[in-house]
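Participant: If you scroll down you'll find the structure; I have some questions about it.
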Amino acid sequence: MSLELDARPTPQATTTWLPGRADLRYGGDYNPEQWPREVWLEDIALMKQAGVNLVSVGIFSWALLEPREGEYDFGFLDDILGLLHDADIDVDLATPTTVPPAWFWKAYPDSHPVTRDGVTLGRGSRGMVSPSSPDYRRAALAITERLAERYANHPAVVLWHVHNEYGAPISEDYGPHSVLAFRTWLEEKYVTLDALNEAWGTRFWGQTYGEWDEIDAPRTSATVVNQTSRLDFARFTSDALLACFTAERDAIKRHAPHLPVTTNFMATNCPSIDYWRWAREVDVVANDHYLVAERRDNHVLLAMDADLTRSLAGGAPWMLMEHSTSAVNWQPRNIAKRPGELARNAASHLARGADAILFFQFRASRYGAEKFHSAMLPHAGTSTRTWREVVDFGADLGRLSAVRGSRVEARVAILWDVESFWAHDLEWRPSVELQHRERVVAWYSALWQLGVTVDFRHPHDDLSGYDLVLAPSLYLADRRTTDGLGAFVREGGTFVASYFSGVVDENDTVHAGGAPGALREVLGLSVPEFLPLYADQVVTLDDGTTGTGWSDDIVLEGAVAVASYVDGPAAGGPAVTRHAHGDGSAWYVSTRTTGADLEGLVRSVLDDAGVPLPVDHPEGLEVVVRHGDDVDFTFLVNHAETATDVVVGQGTELITGDAVDGRVGVPAGAVRVVSRPRG
Amino acid sequence: MSLELDARPTPQATTTWLPGRADLRYGGDYNPEQWPREVWLEDIALMKQAGVNLVSVGIFSWALLEPREGEYDFGFLDDILGLLHDADIDVDLATPTTVPPAWFWKAYPDSHPVTRDGVTLGRGSRGMVSPSSPDYRRAALAITERLAERYANHPAVVLWHVHNEYGAPISEDYGPHSVLAFRTWLEEKYVTLDALNEAWGTRFWGQTYGEWDEIDAPRTSATVVNQTSRLDFARFTSDALLACFTAERDAIKRHAPHLPVTTNFMATNCPSIDYWRWAREVDVVANDHYLVAERRDNHVLLAMDADLTRSLAGGAPWMLMEHSTSAVNWQPRNIAKRPGELARNAASHLARGADAILFFQFRASRYGAEKFHSAMLPHAGTSTRTWREVVDFGADLGRLSAVRGSRVEARVAILWDVESFWAHDLEWRPSVELQHRERVVAWYSALWQLGVTVDFRHPHDDLSGYDLVLAPSLYLADRRTTDGLGAFVREGGTFVASYFSGVVDENDTVHAGGAPGALREVLGLSVPEFLPLYADQVVTLDDGTTGTGWSDDIVLEGAVAVASYVDGPAAGGPAVTRHAHGDGSAWYVSTRTTGADLEGLVRSVLDDAGVPLPVDHPEGLEVVVRHGDDVDFTFLVNHAETATDVVVGQGTELITGDAVDGRVGVPAGAVRVVSRPRG
Amino acid sequence: MSLELDARPTPQATTTWLPGRADLRYGGDYNPEQWPREVWLEDIALMKQAGVNLVSVGIFSWALLEPREGEYDFGFLDDILGLLHDADIDVDLATPTTVPPAWFWKAYPDSHPVTRDGVTLGRGSRGMVSPSSPDYRRAALAITERLAERYANHPAVVLWHVHNEYGAPISEDYGPHSVLAFRTWLEEKYVTLDALNEAWGTRFWGQTYGEWDEIDAPRTSATVVNQTSRLDFARFTSDALLACFTAERDAIKRHAPHLPVTTNFMATNCPSIDYWRWAREVDVVANDHYLVAERRDNHVLLAMDADLTRSLAGGAPWMLMEHSTSAVNWQPRNIAKRPGELARNAASHLARGADAILFFQFRASRYGAEKFHSAMLPHAGTSTRTWREVVDFGADLGRLSAVRGSRVEARVAILWDVESFWAHDLEWRPSVELQHRERVVAWYSALWQLGVTVDFRHPHDDLSGYDLVLAPSLYLADRRTTDGLGAFVREGGTFVASYFSGVVDENDTVHAGGAPGALREVLGLSVPEFLPLYADQVVTLDDGTTGTGWSDDIVLEGAVAVASYVDGPAAGGPAVTRHAHGDGSAWYVSTRTTGADLEGLVRSVLDDAGVPLPVDHPEGLEVVVRHGDDVDFTFLVNHAETATDVVVGQGTELITGDAVDGRVGVPAGAVRVVSRPRG
């Protein structure tokens with residue numbers, strides 16, 4: 001039963017990088033099958049104009065490459081790869097297994113995924129296959145094998161791109177193949193039904209299993225379904241998808257062992273995948289990122305996803321595999337990017353460790369589901385602002401080649417565990433105000449506003465390199481987490497936990513003695529009762545800050561109150577606490593603090609941890625440093641509408657080529673990168 | 001076709017009570033199967049500490065008692081019943097038929113219920129079986145028979161508890177077993193298809209049936225489905241569940257004819273069960289009640305459910321089978337009870353006729369769907385406020401033993417007919433502002449605020465004992481209702497009807513001549529046209545009150561206008577009317593009046609009925625009297641945040657033991673019970 | 001592939017009218033099967049009293065006429081038709097095929113429709129059959145044939161009414177019959193799969209079809225489904241329903257070639273039917289209209305639907321087949337009509353070309369789904385306001401017989417293309433603020449407020465008779481539209497397009513070069529990028545007006561800016577433009593303008609087009625002129641609460657019989673019709 005936890009990977013730097021040129025990579029998805037051949041020639045010329053040196057090809061080409069089962073036609077792919085190679089544009093070659101051809105659905109109709117409510121999903125879309133279908137797996141490996149065989153040594157190909165966005169748009173499948181695979185997965189995990197019954201707590205509501213084949217997928221029932229079964233189904237789903245990936249990867253490796261293989265992640269935006277487990281299976285970590293168009297602070301969320309991606313890569317350079325030049329088409333209101341926003345967004349990814357900046361897609365489609373999605377080359381062609389910014393940013397990237405391979409360093413880490421996310425957001429928690437992602441975003445945003453660079457870490461990771469570790473939402477925490485955080489604090493670290501943390505173990509079982517369970521000793525307190533707040537309730541603390549959504553009845557067991565409740569159900573009791581523990585300290589925040597209140601709290605814990613704030617940090621200016629072997633690169637991204645300048649020391653601004661002597665000016669909306677000797 | 005109505009029970013006092021001790025009963029659900037045996041011993045010791053004298057055991061134990069079909073293992077139950085008996089704790093022994101074991105689903109997959117939309121509901125939850133499945137009924141009777149046989153004469157067992165919360169979380173099943181059973185039920189009711197076609201009005205929209213097996217369950221269709229078919233399907237569903245109950249009850253009675261049998265009702269919160277019909281089938285009426293956590297007036301709703309439960313019991317003592325010590329976990333925001341609220345809630349049930357106060361559950365689960373539901377013993381153990389209040393209330397109950405068997409008397413009754421509720425809330429009524437439960441709550445609340453004790457009665461009941469009868473929402477009213485209410489008023493009673501009452505007969509057919517159909521003569525008016533209001537519309541009456549949601553075009557036919565509309569679509573016409581009829585009077589209120597306006601109206605009708613208001617009634621103080629043979633018990637529950645005192649005469653306060661001479665003080669949030677000689 | 005477009009009908013005047021009397025027609029649906037025969041006699045007497053001269057009979061009678069498959073019983077129909085004829089009341093005889101009998105569902109259960117989500121819809125409702133079911137088609141033709149045979153020469157019958165409200169309450173069916181029929185429809189349209197793959201853009205997301213039977217209905221998938229497949233499925237659905245109609249019509253014509261055949265449309269309220277195609281298949285255009293009860297401007301929407309109906313009829317007289325005397329029962333709040341509203345609504349239809357005014361239904365049902373729907377004769381009978389208004393309006397109609405056959409003329413046309421509606425409102429458009437119907441209503445309402453009479457036209461129509469043509473929402477526009485609008489403007493017309501128009505062709509493929517694609521040349525501008533606005537964003541134009549929802553990045557290519565953006569994402573750029581083109585001009589409005597701002601804009605374009613505004617147009621007074629051969633009829637409907645008068649010249653007011661010399665007074669809420677010599 002501990003199999004799962006023992007098997008958890010220590011995040012490890014992936015060290016492989018794309019072979020070939022020393023430049024930063026620039027480009028995007030390229031779908032030549034949508035266009036006649038004369039357009040290909042025009043496209044390649046335009047790619048050269050924009051500085052494109054890498055394109056992803058073939059993602060949706062299965063139906064063309066294998067028009068009937070077992071009959072292959074690689075003509076168009078041979079042709080376009082040859083043209084790209086002739087133009088010195090490298091190729092990230094995709095296996096096209098994200099969308100099986102129409103013949104597949106006719107032959108294997110039971111490979112359609114089924115929703116929790118029992119709806120069998122139809123065709124004509126994407127991502128619509130059961131990952132556990134043996135027919136799908138066989139067909140996917142067959143086309144992958146043929147592609148790998150044919151293009152293993154093609155000089156254009158520098159990277160293999162397996163599938164596309166595993167887990168999106170849907171992940172869980174409740175069809176018959178998944179039910180069978182889930183049972184097998186459970187048998188491997190638990191070995192005995194006794195162990196499963198114990199872990200799931202089936203004695204509640206009389207659900208003890210006597211045979212493995214009595215277990216179904218946790219589909220919609222009369223009311224809430226055993227949460228642990230749902231948590232395991234989420235783990236199974238991530239693993240089932242991962243098995244699809246590794247099978248294709250291994251097929252490629254048999255033919256092309258010299259080339260890196262990746263698949264495109266979606267960081268915090270695909271909560272059905274446990275990327276910590278996946279990250280060690282790819283050679284290069286790649287990520288897709290799209291702005292939440294209507295959130296005015298979407299650049300902060302972008303930074304968060306970039307930081308998580310870098311952390312998944314163990315600090316090594318990573319690829320921004322997809323983002324958009326301007327609006328997407330699948331959000332409610334697809335706000336277009338403003339002038340300069342393309343460069344700011346791309347630069348922020350770059351600043352946070354990306355060595356490749358790619359877009360979806362090169363030329364805007366005229367038909368199909370995403371015809372209103374922006375592209376490098378819009379419908380209206382080259383006489384557009386978007387195209388000009390694409391070309392300009394390509395030129396900027398050319399000036400930043402020295403950045404390649406440099407790394408970001410952080411003294412602060414946020415704990416991120418998607419298993420906790422899954423468990424936390426299941427049904428029948430004490431309050432709908434409890435939302436895993438909300439607290440992570442809140443704490444990350446406060447640190448971003450203060451200019452503090454952050455890593456993300458799994459709770460089982462070695463945290464000793466950090467001064468401050470935050471757990472904005474760590475509902476699920478096992479003994480290993482208890483031990484690790486205890487050691488971290490005793491050895492001098494500062495730890496901060498937000499409410500509803502440490503409550504359950506890996507089986508969603510409440511720790512003996514109740515909250516904060518796994519964190520009780522390190523936090524020096526217990527919570528005999530949760531005190532959720534009314535929807536409209538605001539509680540006041542004696543330091544003048546306020547909270548909403550949640551409060552706790554706290555009994556101090558070593559901790560001291562930093563702030564106490566003035567009103568609300570916990571009036572008179574502690575609200576924020578600090579526990580001096582060994583050489584370090586552990587904080588607990590028992591209510592939902594936001595905005596300036598949360599920034600003030602973050603200042604306090606940073607101060608307690610000895611993490612200095614930037615001395616010179618104009619509002620809206622994003623500052624991140626990448627460290628090379630000998631040189632530091634300070635990225636300055638000005639999100640404000642006014643020009644600013646900051647002290648960066650002696651060096652050279654790489655975009656303008658200007659020498660810098662102390663301060664560097666950053667025009668409104670502009671990006672600057674200052675190179676200076678390390679130290 | 002009148003079979004249904006003839007068969008309606010006259011509510012009758014159930015006189016059976018639990019054998020054994022003379023105390024009030026205290027305890028809760030106890031699920032020992034969730035814990036190792038050493039915890040059982042600790043639990044029993046703690047029960048004794050808290051004054052527990054009754055626990056419900058075995059509700060979810062089917063899978064343990066019958067691990068494979070036909071193989072039984074009663075070891076754990078023998079053991080725990082023995083331990084409880086040794087500790088002098090009585091047992092309410094449950095049949096575990098609310099959740100069939102996992103082997104059942106594998107063997108009989110078509111016993112899953114199906115939703116109106118055709119979703120077959122899955123496992124891993126509760127309440128998820130078709131009540132009409134013959135496989136389920138056979139299996140349920142088999143385990144019940146074995147349990148009854150084994151424990152019929154066990155000295156610990158004082159009560160049998162069949163199933164759990166019939167009708168929750170779902171009731172209607174649209175699966176194949178229900179379709180067959182529904183046809184049989186219809187044949188029994190209607191005998192001929194002609195009678196069914198007539199009752200359902202199938203000539204509208206061309207739906208005449210020519211064969212019984214053309215009739216399907218009224219599942220989701222292209223648009224609204226014949227409402228009468230849905231009303232009959234609701235009646236069938238209540239009856240199908242009742243048949244499950246009576247079959248188990250009868251099996252128990254064969255072995256243990258000396259013991260009472262019950263099942264836990266949910267008063268107004270399970271609108272799919274016709275409890276008037278059910279109440280005569282149980283020996284003791286038992287009810288589960290949970291606060292609507294986010295409603296600040298949830299103690300008023302509690303009182304309403306307690307009054308309905310007492311009424312279902314025909315005035316006899318009843319059991320509060322489940323409630324919570326603090327928060328539940330299945331509402332959006334599960335607000336914890338504040339200090340003292342546990343005692344106030346329990347005392348309010350007691351005041352309104354309960355002789356047993358039980359909680360769900362004794363020890364908080366660490367796993368499963370309800371692990372965040374409060375319990376008598378929280379996760380954090382005995383050093384908690386909750387545990388202390390549990391122990392304190394147990395001690396209070398010990399001081400209140402004399403209350404047992406005393407009864408509540410009321411001069412005011414509210415008509416409650418769940419068939420009218422079902423019919424009223426179906427689709428395509430004149431306005432979505434029409435909501436059956438809303439008006440009942442509104443009128444009940446106004447009476448509660450004024451300190452008036454209320455019974456609930458079915459419209460067919462003998463009402464002659466009441467001074468005032470209210471019909472806040474009596475959409476469906478047949479001839480028997482017409483006759484009964486007519487007699488009640490002519491003989492001197494005061495009757496009040498709210499809008500959209502009396503409109504249809506038992507087949508949801510509009511009475512000839514239109515609204516208010518069945519009540520036209522008694523109310524002395526007709527309503528040629530309903531005048532629903534806009535969502536944002538407020539109409540003013542000439543007495544200064546206002547209404548929303550609804551108005552009527554009223555033609556007076558003997559009644560006089562008490563208040564008239566100043567504006568709105570009925571401007572100038574009557575809004576509130578009074579009809580002097582025989583020796584009594586009948587009022588009609590044609591718009592949605594709330595708050596102080598409604599309280600004023602209630603004062604007027606109480607005055608008209610000669611029902612006096614309490615002379616001394618501080619705001620927030622709940623006062624209810626239970627009448628013993630020689631002694632009256634005045635319950636005083638102070639929901640306010642300030643202390644108060646009231647005149648209660650000469651007697652003894654039972655909680656403190658203090659003598660009372662005239663006035664008794666009730667501290668803020670406290671409960672007091674004054675005993676004094678009857679008269 | 002151009003089959004679809006070549007086949008589009010030129011809207012053509014239908015010239016057939018009902019045989020017999022010269023009066024305007026008055027009456028409603030009559031469902032005698034709901035009542036005993038003695039009520040029929042009473043009803044007929046009341047019809048005579050009200051001036052009824054036409055009733056629709058038999059719409060829901062299939063189960064009575066064919067109680068078992070192949071067994072017929074026409075007794076009741078013979079009887080009632082005889083009685084009606086004896087009373088000189090004409091009959092619109094319906095085929096009852098909208099609701100198959102219960103025996104049909106038992107025999108052919110797979111004829112139930114299936115929703116996009118896979119729910120098989122149940123019985124007991126209406127409109128619940130797959131139009132592609134061969135069993136349904138055979139059964140429907142059988143009963144139709146028998147009816148036509150029997151009643152072809154019945155003297156009461158003056159019109160045949162096929163089915164009822166095709167397309168409501170649902171239209172699309174995803175069941176197996178529809179899948180097969182859809183494939184056949186596609187083969188007929190595209191002939192080759194290459195053509196289909198090209199038209200649908202299946203190369204996006206890898207969906208190329210290799211066999212016809214790989215194509216499924218576009219049911220719910222993992223994410224959005226190819227939009228062109230959905231557009232074609234919408235076209236197929238309209239055609240499948242139309243095939244049902246034409247088959248029944250042809251069966252009737254074989255027996256009764258001398259009588260007109262119709263079916264009741266729902267104008268803008270059944271967006272699943274392409275009424276332009278249907279209109280040429282009926283002999284008389286008939287429409288059902290129901291007010292949106294809670295919209296205070298529902299009389300404007302009524303006028304819009306009446307104008308569209310007249311336009312569908314090619315300007316010929318049409319029938320208002322159904323509307324309501326007062327409230328309906330299927331909206332959230334079914335507001336009753338106020339005194340006089342019945343006459344105002346009916347008069348507005350009449351003013352806009354209706355020569356028959358019918359209601360649903362004559363006598364209010366006491367049972368069934370619509371028992372709370374108003375009728376000519378309410379539940380409360382004849383001593384009601386509703387009945388009095390029914391009788392009064394019948395008398396008014398008698399005074400207006402001369403109006404019959406006169407026609408409405410308009411100088412302004414709004415383009416209406418339901419294919420564009422379908423395509424526009426599919427998923428993944430740039431913003432949810434884009435709503436096809438919203439812009440049509442907004443522009444129509446502005447014209448109504450200004451008193452301008454409007455026709456609707458299909459974009460392929462000959463527009464040369466108009467001075468001003470508006471395209472409030474013409475997302476889909478093909479080359480023929482480009483050519484037609486180009487010619488219209490060059491030859492002196494004024495054209496106005498709102499944003500997101502001209503974007504795609506008939507296959508939902510973006511026109512080369514991007515927006516406004518098909519309209520680029522005529523508008524004299526291009527839109528390199530859409531600039532959707534935030535939900536809460538208001539942009540200001542330099543003429544002081546404001547916009548929401550949308551803006552564009554506009555490049556002028558001949559057009560000039562009439563107004564420019566002061567702020568927002570397009571700040572400084574053009575907002576409203578005008579392009580002098582040939583002898584005419586073309587306007588473009590790139591943001592959502594409403595209320596007084598839009599009225600101001602409409603004034604400008606009317607002025608540009610040389611369309612004069614009414615000189616005397618009191619607010620709330622609806623003025624429409626019907627032109628007879630020698631006489632003009634000016635309809636004056638006063639929606640205001642104050643009396644008014646207007647200049648109408650010399651003539652006679654037909655309701656009062658008063659002579660008019662210059663001005664005519666219209667009391668508050670009243671209707672007046674002035675007849676005067678044409679010219």
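Ordered as shown in the structure tokens, chains take letters A, B, and onward, while each chain numbers its residues from 1 and ligands are numbered from 1 in the order shown.
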Excluding Leu485 in chain B and any residue of its chain fewer than 4 positions from it, enumerate the residues within 10 Å of it, using only C-alpha atoms, and give them as a PyMOL selection string.
Facilitator: chain B and resi 459-464+469+479-481+489-491+493-495+518-519+522+586
Participant: Find the nearest atom pair between each residue of chain B and chain A for residues within 7 Å, count only C-alpha atoms, give distances in Å to one decimal, sort rows by chain and ascending number, and present the table as JSON lines.
Facilitator:
{"residue": "B:Glu33", "atom": "CA", "partner": "A:Arg203", "partner_atom": "CA", "distance": 6.5}
{"residue": "B:Gln34", "atom": "CA", "partner": "A:Arg203", "partner_atom": "CA", "distance": 5.8}
{"residue": "B:Phe60", "atom": "CA", "partner": "A:Gly206", "partner_atom": "CA", "distance": 4.7}
{"residue": "B:Ser61", "atom": "CA", "partner": "A:Gly206", "partner_atom": "CA", "distance": 5.6}
{"residue": "B:Trp62", "atom": "CA", "partner": "A:Gly206", "partner_atom": "CA", "distance": 6.5}
{"residue": "B:Ala63", "atom": "CA", "partner": "A:Gly206", "partner_atom": "CA", "distance": 5.8}
{"residue": "B:Val99", "atom": "CA", "partner": "A:Gly206", "partner_atom": "CA", "distance": 6.2}
{"residue": "B:Pro101", "atom": "CA", "partner": "A:Gln207", "partner_atom": "CA", "distance": 6.1}
{"residue": "B:Ala102", "atom": "CA", "partner": "A:Tyr209", "partner_atom": "CA", "distance": 5.7}
{"residue": "B:Trp103", "atom": "CA", "partner": "A:Glu214", "partner_atom": "CA", "distance": 6.4}
{"residue": "B:Lys106", "atom": "CA", "partner": "A:Glu214", "partner_atom": "CA", "distance": 5.7}
{"residue": "B:Val119", "atom": "CA", "partner": "A:Asp117", "partner_atom": "CA", "distance": 6.4}
{"residue": "B:Leu121", "atom": "CA", "partner": "A:Ser221", "partner_atom": "CA", "distance": 4.5}
{"residue": "B:Gly122", "atom": "CA", "partner": "A:Ser221", "partner_atom": "CA", "distance": 4.4}
{"residue": "B:Arg123", "atom": "CA", "partner": "A:Ser221", "partner_atom": "CA", "distance": 6.0}
{"residue": "B:Gly124", "atom": "CA", "partner": "A:Val225", "partner_atom": "CA", "distance": 5.1}
{"residue": "B:Ser125", "atom": "CA", "partner": "A:Val225", "partner_atom": "CA", "distance": 4.7}
{"residue": "B:Arg126", "atom": "CA", "partner": "A:Trp205", "partner_atom": "CA", "distance": 6.5}
{"residue": "B:Gly127", "atom": "CA", "partner": "A:Ala222", "partner_atom": "CA", "distance": 6.3}
{"residue": "B:Met128", "atom": "CA", "partner": "A:Ala222", "partner_atom": "CA", "distance": 5.3}
{"residue": "B:Pro169", "atom": "CA", "partner": "A:Thr223", "partner_atom": "CA", "distance": 6.3}
{"residue": "B:Ile170", "atom": "CA", "partner": "A:Ala222", "partner_atom": "CA", "distance": 6.2}
{"residue": "B:Glu294", "atom": "CA", "partner": "A:Tyr534", "partner_atom": "CA", "distance": 6.5}
{"residue": "B:Asn329", "atom": "CA", "partner": "A:Pro430", "partner_atom": "CA", "distance": 5.3}
{"residue": "B:Trp330", "atom": "CA", "partner": "A:Trp428", "partner_atom": "CA", "distance": 5.0}
{"residue": "B:Pro332", "atom": "CA", "partner": "A:Val432", "partner_atom": "CA", "distance": 5.4}
{"residue": "B:Arg333", "atom": "CA", "partner": "A:Ser431", "partner_atom": "CA", "distance": 4.3}
{"residue": "B:Asn334", "atom": "CA", "partner": "A:Pro430", "partner_atom": "CA", "distance": 5.6}
{"residue": "B:Ile335", "atom": "CA", "partner": "A:Pro532", "partner_atom": "CA", "distance": 5.5}
{"residue": "B:Ala336", "atom": "CA", "partner": "A:Leu531", "partner_atom": "CA", "distance": 5.8}
{"residue": "B:Arg366", "atom": "CA", "partner": "A:Val510", "partner_atom": "CA", "distance": 4.8}
{"residue": "B:Tyr367", "atom": "CA", "partner": "A:Thr509", "partner_atom": "CA", "distance": 4.8}
{"residue": "B:Gly368", "atom": "CA", "partner": "A:Phe204", "partner_atom": "CA", "distance": 5.5}
{"residue": "B:Ala369", "atom": "CA", "partner": "A:Asn226", "partner_atom": "CA", "distance": 5.6}
{"residue": "B:Phe372", "atom": "CA", "partner": "A:Pro430", "partner_atom": "CA", "distance": 6.4}
{"residue": "B:His379", "atom": "CA", "partner": "A:Gly514", "partner_atom": "CA", "distance": 4.8}
{"residue": "B:Ala380", "atom": "CA", "partner": "A:Gly513", "partner_atom": "CA", "distance": 4.5}
{"residue": "B:Gly381", "atom": "CA", "partner": "A:Gly513", "partner_atom": "CA", "distance": 6.8}
{"residue": "B:Thr384", "atom": "CA", "partner": "A:Pro528", "partner_atom": "CA", "distance": 6.3}
Participant: Please report, as a ChimeraX atom specification, each residue of range 129-243 of chain C to which DSSP assigns alpha helix (DSSP H) when run on this structure's backbone.
Facilitator: /C:134-151,176-190,193-200,227-243
Participant: CA of Asp467 in chain B and CA of Gly649 in chain B, how far apart in Å?
Facilitator: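 These atoms are spaced 25.5 Å apart.
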Participant: DSSP on the backbone, then: every residue of range 595-678 of chain B marked strand (DSSP E), written as JSON, numbers by chain.
Facilitator: {"B": [621, 622, 623, 624, 625, 626, 627, 631, 632, 633, 634, 635, 636, 637, 638, 644, 645, 646, 647, 648, 649, 650, 651, 652, 653, 659, 660, 661, 662, 663, 664, 665, 666, 671, 672, 673, 674, 675, 676, 677]}
Participant: Skipping near chain neighbours, those fewer than 2 positions away, what residues fall within 7 Å of Val57 in chain C using only C-alpha atoms, listed as JSON, numbers by chain?
Facilitator: {"C": [29, 30, 31, 55, 59, 91, 92, 93, 94]}
Participant: Got time to write the residues from that selection, all heavy atoms, as a tab-separated table (two decimals), in the first residue's frame?
Facilitator:
chain	number	residue	atom	x	y	z
C	29	ASP	N	-57.88	27.31	-32.12
C	29	ASP	CA	-57.86	25.86	-32.01
C	29	ASP	C	-59.10	25.43	-31.25
C	29	ASP	O	-59.48	26.05	-30.25
C	29	ASP	CB	-56.63	25.40	-31.20
C	29	ASP	CG	-55.36	25.39	-32.03
C	29	ASP	OD1	-55.28	26.18	-33.00
C	29	ASP	OD2	-54.47	24.62	-31.69
C	30	TYR	N	-59.69	24.36	-31.72
C	30	TYR	CA	-60.84	23.82	-30.99
C	30	TYR	C	-60.61	22.32	-30.80
C	30	TYR	O	-60.40	21.60	-31.77
C	30	TYR	CB	-62.14	24.10	-31.76
C	30	TYR	CG	-63.36	23.64	-30.99
C	30	TYR	CD1	-63.51	23.98	-29.64
C	30	TYR	CD2	-64.34	22.86	-31.58
C	30	TYR	CE1	-64.62	23.55	-28.92
C	30	TYR	CE2	-65.45	22.44	-30.87
C	30	TYR	CZ	-65.58	22.78	-29.52
C	30	TYR	OH	-66.66	22.36	-28.80
C	31	ASN	N	-60.62	21.89	-29.54
C	31	ASN	CA	-60.32	20.50	-29.21
C	31	ASN	C	-61.54	19.85	-28.56
C	31	ASN	O	-61.57	19.62	-27.35
C	31	ASN	CB	-59.11	20.46	-28.26
C	31	ASN	CG	-57.85	20.96	-28.94
C	31	ASN	OD1	-57.42	20.40	-29.94
C	31	ASN	ND2	-57.26	22.04	-28.41
C	55	VAL	N	-62.19	27.49	-37.20
C	55	VAL	CA	-61.52	26.81	-36.07
C	55	VAL	C	-60.63	25.70	-36.60
C	55	VAL	O	-60.92	25.09	-37.63
C	55	VAL	CB	-62.54	26.21	-35.06
C	55	VAL	CG1	-63.26	27.32	-34.32
C	55	VAL	CG2	-63.52	25.28	-35.74
C	59	ILE	N	-55.91	18.55	-34.14
C	59	ILE	CA	-54.44	18.59	-34.06
C	59	ILE	C	-53.88	17.46	-33.20
C	59	ILE	O	-52.82	16.92	-33.51
C	59	ILE	CB	-54.00	19.98	-33.55
C	59	ILE	CG1	-54.31	21.04	-34.61
C	59	ILE	CG2	-52.52	19.98	-33.20
C	59	ILE	CD1	-54.10	22.47	-34.19
C	91	VAL	N	-63.72	25.12	-41.11
C	91	VAL	CA	-62.76	24.28	-40.39
C	91	VAL	C	-61.41	24.28	-41.09
C	91	VAL	O	-61.32	24.13	-42.30
C	91	VAL	CB	-63.29	22.84	-40.25
C	91	VAL	CG1	-62.20	21.90	-39.71
C	91	VAL	CG2	-64.50	22.84	-39.31
C	92	ASP	N	-60.39	24.47	-40.27
C	92	ASP	CA	-59.00	24.25	-40.66
C	92	ASP	C	-58.68	22.85	-40.13
C	92	ASP	O	-58.46	22.68	-38.93
C	92	ASP	CB	-58.14	25.33	-39.99
C	92	ASP	CG	-56.66	25.03	-40.03
C	92	ASP	OD1	-56.20	24.43	-41.02
C	92	ASP	OD2	-55.98	25.39	-39.05
C	93	LEU	N	-58.67	21.85	-40.99
C	93	LEU	CA	-58.57	20.47	-40.52
C	93	LEU	C	-57.11	20.03	-40.44
C	93	LEU	O	-56.36	20.12	-41.42
C	93	LEU	CB	-59.35	19.53	-41.44
C	93	LEU	CG	-59.41	18.08	-40.95
C	93	LEU	CD1	-60.06	17.96	-39.57
C	93	LEU	CD2	-60.18	17.22	-41.96
C	94	ALA	N	-56.74	19.56	-39.26
C	94	ALA	CA	-55.34	19.21	-39.01
C	94	ALA	C	-55.08	17.73	-39.23
C	94	ALA	O	-55.92	16.89	-38.92
C	94	ALA	CB	-54.96	19.57	-37.58
